[in-house]
Amino acid sequence: MCLEFVICGMEHSGTTLVSDLFRQVPGLDSGFEVGVLMCARPAEFTRLTPFAPNMLKGWGISQEALEQCCAAADHAEFYCRLKQASSAIGPETAAIFDKTPRYIAHLDQCMARCDVPFIITHKDPRAMVASDFKRAKSSDFDSWYEEYMPAKRGYTRTSYRHWLAARDDPRRAGRIASVGLEDLTLNARASMERIFAHVGQEFQLEYAVMDKLRYANTRGNTISADIVFEYMRALTKPQQARICSDFAEMEDWFYG
């Protein structure tokens with residue numbers, strides 16, 4: 001089997017960090033995002049933007065190679081063809097994983113299209129909003145939040161419901177390991193051992209010092225708790241309370 005496991009979760013909740021951890025394992029690697037599991041058949045993937053076009057750079061493949069991957073009879077064969085075609089991974093790579101955050105909003109379909117373990121990341125909604133506000137580079141939180149919140153809450157609600165349904169379904173629960181970014185940073189070793197065991201890998205302490213970083217949005221080569229609690233400095237107490245109220249239904253993702 002070419003595909004070992006899938007990493008998904010809310011954007012900026014640690015999917016890249018988790019993928020960097022697994023990239024330390026000899027013979028295991030991944031390009032950037034994929035997205036093919038959101039399509040019923042690989043042949044449909046060529047029309048899925050921006051995921052399919054991003055594969056060219058993210059996995060180091062040509063348009064012709066992408067089309068050959070999409071000509072595969074099923075998703076398992078798609079990943080095997082991708083592994084062979086990709087120049088973003090080394091020739092020593094024995095197996096790959098797929099890190100695509102957006103799968104969390106299509107979890108039922110994605111899990112039905114491949115028979116591998118899933119790791120799902122999430123983080124406190126207050127931290128989620130704070131990081132989005134920082135990326136927006138806005139100077140007025142209240143005006144920005146009024147425009148931002150409805151769509152973000154809708155997407156988060158959909159993702160949370162898919163996560164709950166999979167977590168509480170005995171047929172699928174064994175294929176899922178959920179990890180909050182807060183636990184990954186504050187209880188790092190136990191969290192890393194748990195997610196590695198979930199996908200059949202043995203965690204080595206040396207993996208915690210990540211020397212195979214590939215993407216600029218990774219802040220450092222070790223795990224730090226600073227990133228998950230920045231919202232305490234970035235947002236006022238009333239702003240935090242407003243987020244708690246607006247995202248209250250995602251109660252299991254709040255930390256503390």
# chains A, B, ... in the order shown; residues from 1 in each chain; ligands from 1
>>> residues_around(residues="segment 69-73 of chain A", least_positions_apart="2", cutoff="9 Å", atoms="only C-alpha atoms", output="NGL selection string")
:A and (36 or 41-46 or 64-67 or 75-82 or 85)
>>> select_by_dssp(residues="segment 116-249 of chain A", states="alpha helix (DSSP H)", output="VMD selection string")
chain A and resid 125 to 136 141 to 167 170 to 173 181 to 186 188 to 198 231 to 234 237 to 246
>>> write_last_selection(atoms="C-alpha atoms", output="CSV table (one decimal), in the first residue's frame")
chain,number,residue,atom,x,y,z
A,125,PRO,CA,-11.8,28.5,18.6
A,126,ARG,CA,-10.3,31.6,20.4
A,127,ALA,CA,-6.9,30.6,19.0
A,128,MET,CA,-8.4,29.9,15.6
A,129,VAL,CA,-10.0,33.3,15.4
A,130,ALA,CA,-6.9,35.1,16.7
A,131,SER,CA,-4.6,33.5,14.1
A,132,ASP,CA,-7.1,34.4,11.3
A,133,PHE,CA,-7.3,38.0,12.5
A,134,LYS,CA,-3.5,38.2,12.5
A,135,ARG,CA,-3.3,36.9,9.0
A,136,ALA,CA,-6.0,39.4,7.9
A,141,PHE,CA,-11.1,43.5,15.2
A,142,ASP,CA,-14.8,44.3,15.6
A,143,SER,CA,-15.4,45.3,11.9
A,144,TRP,CA,-13.3,42.4,10.7
A,145,TYR,CA,-15.1,39.9,12.9
A,146,GLU,CA,-18.5,41.0,11.9
A,147,GLU,CA,-17.7,40.1,8.3
A,148,TYR,CA,-15.6,37.1,9.1
A,149,MET,CA,-17.6,35.2,11.7
A,150,PRO,CA,-20.7,33.9,9.8
A,151,ALA,CA,-18.8,32.0,7.1
A,152,LYS,CA,-16.2,30.8,9.5
A,153,ARG,CA,-18.7,29.6,12.0
A,154,GLY,CA,-20.6,27.8,9.3
A,155,TYR,CA,-17.5,26.0,8.1
A,156,THR,CA,-16.3,25.2,11.6
A,157,ARG,CA,-19.8,23.9,12.5
A,158,THR,CA,-19.8,21.6,9.5
A,159,SER,CA,-16.3,20.3,10.3
A,160,TYR,CA,-17.1,19.8,14.0
A,161,ARG,CA,-20.2,17.8,13.2
A,162,HIS,CA,-18.3,15.5,10.8
A,163,TRP,CA,-15.7,15.1,13.5
A,164,LEU,CA,-18.3,14.3,16.2
A,165,ALA,CA,-20.1,11.8,13.9
A,166,ALA,CA,-16.9,9.9,13.1
A,167,ARG,CA,-15.7,10.0,16.7
A,170,PRO,CA,-18.1,2.6,16.5
A,171,ARG,CA,-17.5,1.6,12.9
A,172,ARG,CA,-15.1,4.5,12.3
A,173,ALA,CA,-13.8,5.6,15.7
A,181,LEU,CA,-2.9,21.6,19.3
A,182,GLU,CA,-2.9,22.5,23.0
A,183,ASP,CA,-2.4,18.8,24.0
A,184,LEU,CA,0.3,18.4,21.3
A,185,THR,CA,2.2,21.3,22.7
A,186,LEU,CA,1.6,20.9,26.5
A,188,ALA,CA,4.0,16.7,23.6
A,189,ARG,CA,5.5,13.3,24.2
A,190,ALA,CA,2.3,11.5,25.2
A,191,SER,CA,0.5,13.0,22.2
A,192,MET,CA,3.2,12.2,19.8
A,193,GLU,CA,3.5,8.6,21.0
A,194,ARG,CA,-0.3,8.2,20.7
A,195,ILE,CA,-0.6,9.5,17.1
A,196,PHE,CA,2.4,7.5,16.0
A,197,ALA,CA,1.0,4.3,17.5
A,198,HIS,CA,-2.3,5.0,15.8
A,231,TYR,CA,-4.9,34.8,21.6
A,232,MET,CA,-4.6,35.7,25.3
A,233,ARG,CA,-2.4,38.6,24.3
A,234,ALA,CA,-3.9,39.4,20.9
A,237,LYS,CA,-11.4,39.6,27.4
A,238,PRO,CA,-14.7,40.8,25.8
A,239,GLN,CA,-13.5,39.7,22.4
A,240,GLN,CA,-12.6,36.2,23.8
A,241,ALA,CA,-16.0,36.1,25.4
A,242,ARG,CA,-17.7,36.9,22.2
A,243,ILE,CA,-15.9,34.1,20.4
A,244,CYS,CA,-16.9,31.7,23.2
A,245,SER,CA,-20.5,32.6,22.7
A,246,ASP,CA,-20.5,32.5,18.9
>>> residues_around(residues="Lys123 of chain A", least_positions_apart="5", cutoff="6 Å", atoms="only C-alpha atoms", output="ChimeraX atom specification")
/A:13,180-181,253
>>> closest_atom_pairs(of="segment 25-58 of chain A", to="segment 99-108 of chain A", cutoff="8 Å", atoms="only C-alpha atoms", output="Markdown table")
| residue | atom | partner | partner_atom | distance |
| --- | --- | --- | --- | --- |
| A:Ser30 | CA | A:Lys99 | CA | 7.6 |
| A:Phe32 | CA | A:Lys99 | CA | 6.9 |
| A:Glu33 | CA | A:Thr100 | CA | 4.8 |
| A:Val34 | CA | A:Thr100 | CA | 6.0 |
| A:Gly35 | CA | A:Thr100 | CA | 6.1 |
| A:Leu37 | CA | A:Tyr103 | CA | 7.5 |
| A:Met38 | CA | A:His106 | CA | 6.7 |
>>> closest_residue(among="A:Val199, A:Ile61, A:Ala112, A:Leu48", to="Phe5 of chain A", atoms="only C-alpha atoms")
A:Val199
>>> atom_distance(atom1="atom CA of Gly31 of chain A", atom2="atom CA of Phe97 of chain A")
8.5 Å
